[in-house]
$ cat protein-v3.cif   # mmCIF, C-alpha atoms and all ligand atoms
data_upload
#
loop_
_atom_site.label_atom_id
_atom_site.label_comp_id
_atom_site.auth_asym_id
_atom_site.auth_seq_id
_atom_site.Cartn_x
_atom_site.Cartn_y
_atom_site.Cartn_z
CA MET A 113 -13.34 -1.44 -4.43
CA LEU A 114 -11.04 -4.42 -4.86
CA LEU A 115 -8.17 -2.50 -6.39
CA ARG A 116 -5.29 -1.75 -4.12
CA LEU A 117 -4.51 1.95 -3.71
CA CYS A 118 -1.17 2.60 -5.25
CA HIS A 119 -0.06 5.91 -6.65
CA GLY A 120 3.20 5.83 -8.50
CA GLY A 121 5.54 8.40 -9.85
CA VAL A 122 5.79 7.06 -13.35
CA GLY A 123 3.47 7.43 -16.29
CA SER A 124 1.44 4.28 -16.85
CA GLU A 125 1.67 4.79 -20.59
CA LYS A 126 5.41 4.31 -20.25
CA ILE A 127 4.88 1.02 -18.43
CA ALA A 128 2.36 -0.11 -21.02
CA GLU A 129 4.82 0.77 -23.76
CA GLN A 130 7.55 -1.28 -22.07
CA GLN A 131 5.15 -4.19 -21.67
CA ARG A 132 4.21 -4.04 -25.33
CA ARG A 133 7.91 -4.06 -26.21
CA LEU A 134 8.49 -7.17 -24.13
CA TRP A 135 5.31 -9.00 -25.09
CA PRO A 136 4.11 -7.35 -28.31
CA ARG A 137 0.96 -9.46 -28.69
CA THR A 138 -0.05 -9.30 -25.04
CA PRO A 139 -2.34 -6.59 -23.72
CA PRO A 140 -1.18 -4.81 -20.55
CA ILE A 141 -1.19 -7.13 -17.57
CA ARG A 142 -3.98 -6.92 -15.08
CA PRO A 143 -3.50 -5.41 -11.64
CA HIS A 144 -1.76 -7.85 -9.36
CA LYS A 145 -2.04 -7.62 -5.63
CA SER A 146 1.09 -8.25 -3.67
CA ASN A 147 1.20 -10.74 -0.90
CA SER A 148 1.77 -10.09 2.77
CA VAL A 149 5.21 -9.29 4.08
CA ALA A 150 5.64 -12.74 5.54
CA THR A 151 5.48 -14.41 2.16
CA ASP A 152 8.09 -14.76 -0.52
CA TRP A 153 7.14 -11.85 -2.74
CA SER A 154 9.16 -13.08 -5.65
CA THR A 155 6.92 -16.13 -6.04
CA ALA A 156 3.76 -14.10 -5.89
CA CYS A 157 4.16 -12.66 -9.35
CA SER A 158 4.77 -13.91 -12.82
CA LYS A 159 4.99 -12.81 -16.39
CA PRO A 160 1.66 -12.57 -18.15
CA SER A 161 0.66 -15.55 -20.20
CA ARG A 162 0.80 -15.11 -23.95
CA GLY A 163 -2.48 -16.97 -24.10
CA SER A 164 -1.37 -19.28 -26.91
CA GLY A 165 -2.09 -22.36 -24.80
CA MET A 166 -5.55 -21.19 -23.72
CA PRO A 167 -8.69 -22.82 -25.04
CA ALA A 168 -10.46 -20.54 -27.53
CA LYS A 169 -13.48 -20.11 -25.21
CA LEU A 170 -11.30 -19.00 -22.28
CA ARG A 171 -9.30 -16.69 -24.57
CA ARG A 172 -12.53 -15.00 -25.70
CA LEU A 173 -13.63 -14.64 -22.07
CA VAL A 174 -10.31 -13.03 -21.06
CA LYS A 175 -10.47 -10.72 -24.09
CA SER A 176 -14.02 -9.62 -23.31
CA SER A 177 -13.21 -9.00 -19.62
CA LYS A 178 -10.26 -6.83 -20.66
CA LEU A 179 -12.49 -4.91 -23.05
CA LEU A 180 -15.04 -4.51 -20.27
CA MET A 181 -12.30 -3.20 -17.96
CA ARG A 182 -11.29 -0.62 -20.56
CA VAL A 183 -14.90 0.54 -20.87
CA ALA A 184 -15.41 0.58 -17.10
CA ALA A 185 -12.10 2.33 -16.28
CA PRO A 186 -13.35 5.90 -16.91
CA ILE A 187 -16.39 5.18 -14.72
CA PHE A 188 -14.13 3.94 -11.88
CA ARG A 189 -12.02 7.04 -12.31
CA LEU A 190 -15.00 9.40 -12.17
CA LYS A 191 -16.24 7.58 -9.06
CA SER A 192 -12.80 8.01 -7.43
CA ILE A 193 -12.77 11.73 -8.27
CA ALA A 194 -16.34 12.26 -7.03
CA PHE A 195 -15.79 10.45 -3.73
CA ALA A 196 -12.34 11.99 -3.12
CA HIS A 197 -14.12 15.19 -2.13
CA VAL A 198 -16.56 13.55 0.28
CA PRO A 199 -15.11 13.44 3.80
CA MET A 200 -15.90 10.26 5.71
CA ARG A 201 -18.06 11.39 8.59
CA GLY A 202 -18.24 9.63 11.92
CA LYS A 203 -16.90 10.15 15.41
CA PHE A 204 -13.17 10.31 15.99
CA PRO A 205 -11.98 7.11 17.69
CA HIS A 206 -10.37 7.24 21.12
CA PHE A 207 -8.25 4.12 20.63
CA SER A 208 -8.82 3.58 24.34
CA THR A 209 -8.03 0.41 26.27
CA ASP A 210 -10.73 -1.49 24.42
CA THR A 211 -9.22 -0.96 20.98
CA ARG A 212 -5.61 -0.30 21.89
CA LEU A 213 -3.09 -1.95 19.57
CA GLU A 214 0.22 -3.26 20.86
CA CYS A 215 3.09 -2.64 18.44
CA TYR A 216 6.68 -3.83 18.41
CA ALA A 217 9.26 -1.29 17.20
CA PHE A 218 12.73 -2.09 15.82
CA ASP A 219 15.46 0.20 14.60
CA SER A 220 17.60 -2.50 12.98
CA MET A 221 17.41 -5.97 11.48
CA PRO A 222 19.55 -7.61 14.26
CA GLU A 223 17.20 -6.13 16.88
CA PHE A 224 14.21 -7.62 15.06
CA GLU A 225 15.94 -10.99 14.70
CA ARG A 226 16.68 -11.14 18.44
CA TRP A 227 13.03 -10.36 19.19
CA ARG A 228 11.83 -12.92 16.63
CA ASP A 229 14.10 -15.65 18.07
CA ALA A 230 12.94 -14.90 21.62
CA ASN A 231 9.24 -14.76 20.70
CA GLY A 232 8.73 -17.87 18.62
CA ASP A 233 5.68 -18.89 20.66
CA LEU A 234 3.99 -15.52 20.17
CA ILE A 235 4.62 -15.56 16.42
CA GLU A 236 3.32 -19.15 16.18
CA THR A 237 0.18 -18.09 18.08
CA TRP A 238 -0.35 -15.33 15.52
CA ARG A 239 0.11 -17.78 12.67
CA CYS A 240 -2.41 -20.16 14.27
CA GLU A 241 -4.89 -17.28 14.54
CA ASP A 242 -4.34 -16.50 10.86
CA ARG A 243 -4.93 -20.11 9.84
CA ALA A 244 -8.00 -20.44 12.07
CA ALA A 245 -9.60 -17.38 10.45
CA ILE A 246 -9.59 -18.95 6.97
CA ALA A 247 -12.86 -20.62 6.02
CA PRO A 248 -11.88 -23.79 4.10
CA SER A 249 -13.05 -23.90 0.48
CA GLN A 250 -14.75 -20.50 0.75
CA PRO A 251 -13.58 -17.78 -1.66
CA ALA A 252 -15.13 -15.14 0.65
CA PHE A 253 -15.56 -15.27 4.41
CA THR A 254 -15.95 -13.03 7.46
CA THR A 255 -14.02 -12.65 10.70
CA ASP A 256 -15.82 -11.17 13.69
CA GLY A 257 -13.98 -8.45 15.58
CA VAL A 258 -13.93 -4.75 16.45
CA CYS A 259 -13.00 -2.00 14.01
CA ALA A 260 -10.82 0.45 15.93
CA ILE A 261 -11.63 3.21 13.42
CA CYS A 262 -15.42 2.77 13.74
CA GLU A 263 -15.18 1.67 17.39
CA LEU A 264 -17.87 -0.92 16.71
CA PRO A 265 -18.12 -4.70 16.50
CA VAL A 266 -18.06 -5.71 12.84
CA SER A 267 -17.60 -8.76 10.63
CA PHE A 268 -14.48 -8.12 8.56
CA VAL A 269 -14.80 -9.42 5.00
CA SER A 270 -11.97 -11.29 3.28
CA THR A 271 -11.52 -13.17 0.05
CA THR A 272 -8.77 -15.43 -1.23
CA GLU A 273 -8.30 -13.20 -4.29
CA TYR A 274 -4.58 -12.64 -4.93
CA GLY A 275 -3.82 -15.07 -2.10
CA GLN A 276 -0.90 -17.45 -2.18
CA ALA A 277 -1.32 -21.16 -2.82
CA THR A 278 -0.06 -23.39 -0.01
CA SER A 279 1.64 -26.76 -0.36
CA SER A 280 -1.47 -28.43 1.12
CA GLY A 281 -3.64 -27.18 -1.73
CA GLY A 282 -5.24 -24.31 0.17
CA VAL A 283 -4.85 -20.56 -0.29
CA THR A 284 -3.39 -18.11 2.23
CA PRO A 285 -5.31 -14.84 1.83
CA ASN A 286 -3.36 -11.69 1.19
CA TRP A 287 -4.23 -10.54 4.72
CA ARG A 288 -2.63 -7.15 4.23
CA GLU A 289 -5.26 -6.23 1.63
CA GLN A 290 -8.18 -8.12 3.16
CA LEU A 291 -10.34 -7.82 6.30
CA LEU A 292 -12.52 -5.07 4.88
CA CYS A 293 -14.61 -3.28 7.49
CA PRO A 294 -18.16 -3.06 6.09
CA ARG A 295 -18.70 0.32 7.82
CA CYS A 296 -15.61 2.41 7.01
CA HIS A 297 -14.66 0.28 3.97
CA MET A 298 -11.03 0.28 5.02
CA ARG A 299 -8.87 -2.81 4.90
CA ASN A 300 -6.33 -4.26 7.31
CA ARG A 301 -3.35 -2.17 6.11
CA MET A 302 -5.11 1.19 6.03
CA ARG A 303 -7.01 0.77 9.31
CA ALA A 304 -3.83 -0.28 11.10
CA ALA A 305 -1.74 2.54 9.59
CA LEU A 306 -4.25 5.19 10.68
CA GLN A 307 -4.60 3.70 14.16
CA ILE A 308 -0.83 3.49 14.65
CA ALA A 309 -0.34 7.02 13.29
CA VAL A 310 -2.75 8.46 15.87
CA GLN A 311 -2.25 6.11 18.79
CA GLN A 312 1.48 5.44 18.63
CA CYS A 313 3.06 8.05 16.37
CA GLY A 314 1.67 11.40 17.47
CA LEU A 315 -0.69 12.32 14.61
CA SER A 316 -2.87 15.03 16.12
CA ARG A 317 -5.79 17.04 14.80
CA ASP A 318 -4.15 20.48 14.63
CA MET A 319 -1.25 19.32 12.45
CA GLN A 320 -0.58 20.20 8.83
CA ILE A 321 -0.72 16.84 7.09
CA TYR A 322 0.30 15.70 3.63
CA VAL A 323 -0.88 12.34 2.32
CA THR A 324 0.36 10.98 -1.00
CA GLU A 325 -3.09 10.10 -2.24
CA GLN A 326 -6.45 11.70 -2.80
CA PHE A 327 -8.54 8.68 -3.75
CA GLY A 328 -9.70 6.21 -1.20
CA GLU A 329 -11.14 5.91 2.27
CA GLY A 330 -7.92 6.71 4.14
CA TYR A 331 -7.70 10.20 2.65
CA ARG A 332 -11.44 10.79 3.14
CA TRP A 333 -11.16 9.76 6.80
CA LEU A 334 -8.19 12.08 7.35
CA ARG A 335 -10.05 14.94 5.64
CA ALA A 336 -13.04 14.45 7.92
CA HIS A 337 -11.12 14.34 11.18
CA PHE A 338 -8.07 16.59 10.80
CA LYS A 339 -7.98 20.31 10.22
CA GLU A 340 -5.41 20.70 7.47
CA VAL A 341 -4.95 17.79 5.10
CA GLU A 342 -3.33 18.12 1.69
CA GLY A 343 -3.53 15.15 -0.68
CA SER A 344 -2.30 14.52 -4.19
CA GLU A 345 -2.22 11.95 -6.97
CA TYR A 346 0.24 11.32 -9.77
CA LEU A 347 -1.89 12.18 -12.80
CA SER A 348 0.40 12.55 -15.80
CA PRO A 349 4.09 13.31 -16.53
CA SER A 350 2.98 16.28 -18.67
CA ARG A 351 1.24 18.02 -15.77
CA LYS A 352 2.84 20.72 -13.68
CA PRO A 353 3.40 19.71 -10.01
CA GLY A 354 0.79 21.40 -7.85
CA SER A 355 -1.68 21.85 -10.71
CA ARG A 356 -5.29 20.75 -10.19
CA ARG A 357 -7.73 18.83 -12.35
CA LEU A 358 -11.31 18.45 -11.09
CA GLY A 359 -9.97 19.27 -7.65
CA ILE A 360 -7.33 16.53 -7.76
CA VAL A 361 -3.81 17.86 -7.12
CA HIS A 362 -0.99 16.50 -9.27
CA GLN A 363 2.32 15.86 -7.52
CA ASP A 364 5.38 13.77 -8.29
CA VAL A 365 6.66 12.65 -4.88
CA GLN A 366 10.22 12.72 -6.26
CA ALA A 367 9.95 16.50 -6.63
CA LEU A 368 7.16 17.88 -4.46
CA SER A 369 6.29 21.48 -5.26
CA TYR A 370 5.52 22.48 -1.66
CA ALA A 371 7.69 24.98 0.18
CA PRO A 372 10.33 23.63 2.58
CA GLN A 373 9.07 22.85 6.11
CA SER A 374 5.40 22.92 5.06
CA PHE A 375 4.06 19.91 6.96
CA ASP A 376 4.06 18.39 10.43
CA TYR A 377 3.23 14.91 9.21
CA ILE A 378 3.49 12.93 5.96
CA LEU A 379 1.58 9.71 5.38
CA SER A 380 2.31 7.56 2.36
CA PHE A 381 0.43 4.32 1.83
CA ASP A 382 1.99 1.89 -0.64
CA VAL A 383 3.34 4.52 -3.00
CA LEU A 384 7.12 4.35 -2.74
CA GLU A 385 7.38 0.93 -4.40
CA HIS A 386 5.95 2.54 -7.56
CA VAL A 387 8.33 5.48 -7.67
CA PRO A 388 11.34 5.10 -10.00
CA ASN A 389 13.69 6.92 -7.61
CA HIS A 390 12.56 6.36 -4.03
CA ILE A 391 15.64 8.13 -2.62
CA ALA A 392 14.55 11.32 -4.39
CA ALA A 393 11.11 10.84 -2.84
CA LEU A 394 12.56 10.43 0.66
CA GLU A 395 14.67 13.58 0.15
CA SER A 396 11.58 15.39 -1.06
CA PHE A 397 9.61 14.28 2.01
CA ALA A 398 12.45 15.48 4.27
CA ARG A 399 12.52 18.85 2.53
CA VAL A 400 8.82 19.62 2.94
CA LEU A 401 8.59 18.27 6.51
CA LYS A 402 9.18 20.60 9.43
CA THR A 403 12.04 19.76 11.78
CA GLY A 404 10.69 17.16 14.18
CA GLY A 405 7.92 16.27 11.70
CA LYS A 406 6.89 12.65 11.27
CA LEU A 407 6.87 10.34 8.27
CA LEU A 408 4.76 7.17 8.23
CA LEU A 409 5.13 4.76 5.32
CA THR A 410 3.47 1.54 4.36
CA VAL A 411 5.37 -0.36 1.67
CA PRO A 412 5.90 -3.99 0.73
CA PHE A 413 8.63 -4.82 3.26
CA THR A 414 10.63 -8.03 3.55
CA LEU A 415 11.54 -8.54 7.20
CA GLU A 416 13.98 -11.35 6.34
CA LYS A 417 16.14 -9.22 4.03
CA TYR A 418 18.49 -6.34 4.67
CA ASP A 419 18.83 -5.31 1.03
CA THR A 420 15.91 -3.85 -0.83
CA THR A 421 14.91 -6.17 -3.68
CA VAL A 422 15.01 -4.27 -6.96
CA ARG A 423 12.42 -5.63 -9.36
CA ALA A 424 12.67 -2.96 -12.08
CA GLN A 425 14.88 0.04 -12.69
CA MET A 426 14.23 3.14 -14.77
CA GLN A 427 17.22 4.42 -16.72
CA ALA A 428 17.99 8.09 -17.35
CA ASP A 429 16.38 7.91 -20.81
CA GLY A 430 13.14 6.56 -19.32
CA HIS A 431 13.77 2.98 -20.41
CA ILE A 432 12.82 0.42 -17.75
CA ASP A 433 15.01 -2.61 -17.09
CA TYR A 434 13.02 -5.51 -15.70
CA ILE A 435 15.25 -7.40 -13.31
CA LEU A 436 12.56 -9.68 -11.88
CA PRO A 437 9.22 -10.71 -13.38
CA ILE A 438 6.97 -7.70 -13.79
CA GLU A 439 4.69 -7.00 -10.86
CA VAL A 440 1.86 -4.52 -11.27
CA HIS A 441 -0.44 -3.35 -8.49
CA GLY A 442 -3.90 -1.83 -8.68
CA ASN A 443 -3.99 1.88 -9.38
CA PRO A 444 -7.20 3.94 -9.17
CA THR A 445 -5.73 6.60 -11.46
CA ASP A 446 -5.10 3.93 -14.09
CA PRO A 447 -7.23 0.84 -13.45
CA VAL A 448 -6.37 -0.71 -16.82
CA ASN A 449 -2.56 -0.64 -16.69
CA GLY A 450 -2.04 -0.48 -12.91
CA ALA A 451 1.21 0.73 -11.35
CA LEU A 452 4.54 -0.99 -11.84
CA CYS A 453 6.24 -2.16 -8.64
CA TYR A 454 9.93 -1.22 -8.76
CA ARG A 455 11.02 -2.77 -5.47
CA HIS A 456 10.25 -4.56 -2.23
CA PHE A 457 11.88 -2.79 0.65
CA GLY A 458 14.37 -4.27 3.11
CA TRP A 459 15.96 -3.06 6.36
CA ASP A 460 18.43 -0.89 4.41
CA THR A 461 15.48 1.52 4.02
CA LEU A 462 16.14 2.70 7.60
CA ASP A 463 19.72 3.65 6.63
CA ARG A 464 18.47 5.44 3.51
CA LEU A 465 16.01 7.42 5.66
CA VAL A 466 18.86 8.58 7.93
CA GLU A 467 20.96 9.55 4.88
CA CYS A 468 17.99 11.58 3.57
CA GLY A 469 17.69 13.64 6.76
CA PHE A 470 15.59 11.53 9.12
CA ALA A 471 16.24 10.21 12.62
CA ASP A 472 14.60 7.48 14.71
CA ALA A 473 13.80 5.40 11.63
CA THR A 474 11.83 2.42 12.89
CA VAL A 475 9.96 -0.61 11.62
CA MET A 476 6.81 -1.36 13.60
CA ILE A 477 5.17 -4.77 13.68
CA TYR A 478 1.61 -5.50 14.73
CA HIS A 479 -0.92 -8.29 14.91
CA ASP A 480 -4.31 -8.33 16.59
CA ARG A 481 -6.96 -10.86 15.62
CA ARG A 482 -9.77 -9.03 17.42
CA LEU A 483 -9.02 -5.73 15.66
CA GLY A 484 -8.87 -7.45 12.28
CA TYR A 485 -5.11 -7.13 11.86
CA LEU A 486 -4.21 -10.64 10.75
CA GLY A 487 -1.21 -11.77 8.71
CA SER A 488 2.16 -12.50 10.28
CA LEU A 489 4.11 -10.33 10.26
CA GLN A 490 2.60 -7.01 9.17
CA SER A 491 4.79 -3.92 9.32
CA LEU A 492 5.09 -0.21 8.64
CA ILE A 493 7.90 2.34 8.80
CA THR A 494 8.10 5.58 10.78
CA ALA A 495 10.81 8.26 10.98
CA THR A 496 11.30 11.78 12.35
CA LYS A 497 12.75 14.70 10.38
CA ALA A 498 16.09 15.47 12.04
ZN ZN B 501 -14.51 0.40 10.32
#
$ encode --input "protein-v3.cif" --output "structure tokens"
Amino acid sequence: MLLRLCHGGVGSEKIAEQQRRLWPRTPPIRPHKSNSVATDWSTACSKPSRGSGMPAKLRRLVKSSKLLMRVAAPIFRLKSIAFAHVPMRGKFPHFSTDTRLECYAFDSMPEFERWRDANGDLIETWRCEDRAAIAPSQPAFTTDGVCAICELPVSFVSTTEYGQATSSGGVTPNWREQLLCPRCHMRNRMRAALQIAVQQCGLSRDMQIYVTEQFGEGYRWLRAHFKEVEGSEYLSPSRKPGSRRLGIVHQDVQALSYAPQSFDYILSFDVLEHVPNHIAALESFARVLKTGGKLLLTVPFTLEKYDTTVRAQMQADGHIDYILPIEVHGNPTDPVNGALCYRHFGWDTLDRLVECGFADATVMIYHDRRLGYLGSLQSLITATKA
């Protein structure tokens, strides 16, 4: 599935309404995949075209593809629901020496900057490996390596879809969302997050785990290999938190309905950028985590900025102010409208985590060509409930 897994805390109908208000004659914009953390996120998105300058033939084509998407959306949704309940079988990986991933952990921006300045050669080597992996003029290509989740040699599949144009006329793939393993069907970001959670951040099989999604391979893999895994999706603002529909649990991460100290570990993969109030979500995570429990987040993170970049802001009355051009990511619960991206996170996120009741808030960086973790510099965030 090419759509990125994003599960927001805001009703998509509200986003669509805001879009219609801004561009009354324009249908909702199509899912847009964000670029890797090393790129300038603000250039990777733009307002949707009004279409007035399009040739009639192209306009008809766009219109018919949007109609097709609307027809296909319920089918995608049913497929997501059906597969959400199918655990992904397979042996549990050892992440032994052969597939061990080296990570670099930083608890502040100055610490990262010192490391970056002292390791220019290493970072340049990574960038060379990224460039060498791109097949010139090929929209789809493979990279041979080893999937640490499957513990098997595979050919990771990438495309240049949603990549970023370079000054030389080429396209840099969105590495974060590429490098699909043909066996486990997980991409760079998800495979790395699961490996780091187990190998580096103490995720063990007897823990009570909450993951902020229920669609997708990451959740299915966790369900298959860990004893107690609770997942949820944001289904509709009218639904009661904790209620179920076809076995899918509805939760708003800003106000989780679980009892305090319910979980040992929370995993959240590219959700917080879609939540109107991410501080409320962090407080909610802290409340339902046990003392000493772990939080692992993947979010669009800008390593070069301290301040979180606010792209859109929801007011108390539900109105959304668009501060930067609208950016919408793929959303399996709403493939047509996608999920609005409210922000790209900066290093201030570590301070917010501490204010919300966490300690040891850390940004981890990784790169490993052989394991299919390309894209300089990829990151994730971890913290411990104080
Ligand atoms: Zn795999």
$ residues_near_ligand --input "protein-v3.cif" --ligand "ligand ZN 501 (chain B)" --cutoff "12 Å" --atoms "only C-alpha atoms and all ligand atoms" --output "NGL selection string"
:A and (200-205 or 211 or 257-269 or 291-300 or 302-304 or 306-307 or 329-330 or 333 or 483-484)
$ write_last_selection --input "protein-v3.cif" --atoms "C-alpha atoms" --output "mmCIF file, in the frame of the given file"
data_model
loop_
_atom_site.group_PDB
_atom_site.id
_atom_site.type_symbol
_atom_site.label_atom_id
_atom_site.label_comp_id
_atom_site.auth_asym_id
_atom_site.auth_seq_id
_atom_site.Cartn_x
_atom_site.Cartn_y
_atom_site.Cartn_z
ATOM 1 C CA MET A 200 -15.900 10.260 5.710
ATOM 2 C CA ARG A 201 -18.060 11.390 8.590
ATOM 3 C CA GLY A 202 -18.240 9.630 11.920
ATOM 4 C CA LYS A 203 -16.900 10.150 15.410
ATOM 5 C CA PHE A 204 -13.170 10.310 15.990
ATOM 6 C CA PRO A 205 -11.980 7.110 17.690
ATOM 7 C CA THR A 211 -9.220 -0.960 20.980
ATOM 8 C CA GLY A 257 -13.980 -8.450 15.580
ATOM 9 C CA VAL A 258 -13.930 -4.750 16.450
ATOM 10 C CA CYS A 259 -13.000 -2.000 14.010
ATOM 11 C CA ALA A 260 -10.820 0.450 15.930
ATOM 12 C CA ILE A 261 -11.630 3.210 13.420
ATOM 13 C CA CYS A 262 -15.420 2.770 13.740
ATOM 14 C CA GLU A 263 -15.180 1.670 17.390
ATOM 15 C CA LEU A 264 -17.870 -0.920 16.710
ATOM 16 C CA PRO A 265 -18.120 -4.700 16.500
ATOM 17 C CA VAL A 266 -18.060 -5.710 12.840
ATOM 18 C CA SER A 267 -17.600 -8.760 10.630
ATOM 19 C CA PHE A 268 -14.480 -8.120 8.560
ATOM 20 C CA VAL A 269 -14.800 -9.420 5.000
ATOM 21 C CA LEU A 291 -10.340 -7.820 6.300
ATOM 22 C CA LEU A 292 -12.520 -5.070 4.880
ATOM 23 C CA CYS A 293 -14.610 -3.280 7.490
ATOM 24 C CA PRO A 294 -18.160 -3.060 6.090
ATOM 25 C CA ARG A 295 -18.700 0.320 7.820
ATOM 26 C CA CYS A 296 -15.610 2.410 7.010
ATOM 27 C CA HIS A 297 -14.660 0.280 3.970
ATOM 28 C CA MET A 298 -11.030 0.280 5.020
ATOM 29 C CA ARG A 299 -8.870 -2.810 4.900
ATOM 30 C CA ASN A 300 -6.330 -4.260 7.310
ATOM 31 C CA MET A 302 -5.110 1.190 6.030
ATOM 32 C CA ARG A 303 -7.010 0.770 9.310
ATOM 33 C CA ALA A 304 -3.830 -0.280 11.100
ATOM 34 C CA LEU A 306 -4.250 5.190 10.680
ATOM 35 C CA GLN A 307 -4.600 3.700 14.160
ATOM 36 C CA GLU A 329 -11.140 5.910 2.270
ATOM 37 C CA GLY A 330 -7.920 6.710 4.140
ATOM 38 C CA TRP A 333 -11.160 9.760 6.800
ATOM 39 C CA LEU A 483 -9.020 -5.730 15.660
ATOM 40 C CA GLY A 484 -8.870 -7.450 12.280
#
$ residues_around --input "protein-v3.cif" --residues "region 342-358 of chain A" --least-positions-apart "5" --cutoff "6 Å" --atoms "all atoms listed in the file" --output "PyMOL selection string"
chain A and resi 123+322-326+363-364+369
$ atom_distance --input "protein-v3.cif" --atom1 "CA of Gly404 (chain A)" --atom2 "CA of Val383 (chain A)"
22.6 Å
$ atom_distance --input "protein-v3.cif" --atom1 "CA of Phe207 (chain A)" --atom2 "CA of Gly405 (chain A)"
22.1 Å
$ closest_residue --input "protein-v3.cif" --among "A:Lys417, A:His479, A:His441, A:Arg317" --to "Arg301 (chain A)" --atoms "all atoms listed in the file"
A:His479
$ atom_distance --input "protein-v3.cif" --atom1 "CA of Val341 (chain A)" --atom2 "CA of Tyr216 (chain A)"
27.9 Å
$ closest_residue --input "protein-v3.cif" --among "A:Tyr485, A:Trp459, A:Tyr454, A:Trp238" --to "Asn389 (chain A)" --atoms "all atoms listed in the file"
A:Tyr454
$ closest_residue --input "protein-v3.cif" --among "A:Thr461, A:Ser374, A:Gln366, A:Ser488" --to "Pro285 (chain A)" --atoms "all atoms listed in the file"
A:Ser488
$ residues_around --input "protein-v3.cif" --residues "Leu415 (chain A)" --least-positions-apart "6" --cutoff "12 Å" --atoms "all atoms listed in the file" --output "JSON, numbers by chain"
{"A": [148, 149, 150, 151, 152, 153, 218, 220, 221, 222, 223, 224, 225, 228, 421, 456, 457, 458, 459, 460, 461, 475, 476, 477, 488, 489, 490, 491, 492, 493]}
$ residues_around --input "protein-v3.cif" --residues "Thr271 (chain A)" --least-positions-apart "4" --cutoff "9 Å" --atoms "only C-alpha atoms" --output "VMD selection string"
chain A and resid 250 to 254 275 285 to 286 290 to 291
$ closest_residue --input "protein-v3.cif" --among "A:Glu439, A:Asp376, A:Asp256, A:Glu273" --to "Cys453 (chain A)" --atoms "all atoms listed in the file"
A:Glu439
$ decode --input "protein-v3.cif" --residues "region 276-290 of chain A" --atoms "N, CA and C atoms" --output "mmCIF file, in the first residue's frame"
data_model
loop_
_atom_site.group_PDB
_atom_site.id
_atom_site.type_symbol
_atom_site.label_atom_id
_atom_site.label_comp_id
_atom_site.auth_asym_id
_atom_site.auth_seq_id
_atom_site.Cartn_x
_atom_site.Cartn_y
_atom_site.Cartn_z
ATOM 1 N N GLN A 276 11.944 14.446 -3.797
ATOM 2 C CA GLN A 276 12.183 15.881 -3.930
ATOM 3 C C GLN A 276 13.118 16.134 -5.112
ATOM 4 N N ALA A 277 12.710 17.062 -5.965
ATOM 5 C CA ALA A 277 13.526 17.378 -7.139
ATOM 6 C C ALA A 277 14.845 17.998 -6.703
ATOM 7 N N THR A 278 15.931 17.605 -7.363
ATOM 8 C CA THR A 278 17.240 18.175 -7.058
ATOM 9 C C THR A 278 17.584 19.229 -8.101
ATOM 10 N N SER A 279 18.597 20.046 -7.782
ATOM 11 C CA SER A 279 18.976 21.116 -8.701
ATOM 12 C C SER A 279 19.540 20.555 -10.005
ATOM 13 N N SER A 280 20.034 19.304 -9.967
ATOM 14 C CA SER A 280 20.621 18.710 -11.180
ATOM 15 C C SER A 280 19.573 18.033 -12.062
ATOM 16 N N GLY A 281 18.303 18.164 -11.682
ATOM 17 C CA GLY A 281 17.245 17.598 -12.517
ATOM 18 C C GLY A 281 16.817 16.201 -12.096
ATOM 19 N N GLY A 282 17.464 15.635 -11.112
ATOM 20 C CA GLY A 282 17.089 14.309 -10.626
ATOM 21 C C GLY A 282 16.030 14.404 -9.533
ATOM 22 N N VAL A 283 15.752 13.278 -8.904
ATOM 23 C CA VAL A 283 14.798 13.232 -7.796
ATOM 24 C C VAL A 283 15.415 12.450 -6.644
ATOM 25 N N THR A 284 15.411 13.053 -5.451
ATOM 26 C CA THR A 284 15.844 12.328 -4.250
ATOM 27 C C THR A 284 14.629 11.602 -3.689
ATOM 28 N N PRO A 285 14.676 10.277 -3.609
ATOM 29 C CA PRO A 285 13.504 9.563 -3.076
ATOM 30 C C PRO A 285 13.211 9.993 -1.636
ATOM 31 N N ASN A 286 11.976 9.856 -1.263
ATOM 32 C CA ASN A 286 11.607 10.067 0.138
ATOM 33 C C ASN A 286 11.987 8.786 0.893
ATOM 34 N N TRP A 287 13.281 8.676 1.221
ATOM 35 C CA TRP A 287 13.828 7.429 1.752
ATOM 36 C C TRP A 287 13.070 6.931 2.974
ATOM 37 N N ARG A 288 12.581 7.865 3.760
ATOM 38 C CA ARG A 288 11.883 7.488 4.996
ATOM 39 C C ARG A 288 10.693 6.566 4.711
ATOM 40 N N GLU A 289 10.034 6.806 3.591
ATOM 41 C CA GLU A 289 8.821 6.046 3.246
ATOM 42 C C GLU A 289 9.072 5.055 2.124
ATOM 43 N N GLN A 290 10.330 4.793 1.821
ATOM 44 C CA GLN A 290 10.652 3.858 0.731
ATOM 45 C C GLN A 290 11.320 2.609 1.308
#
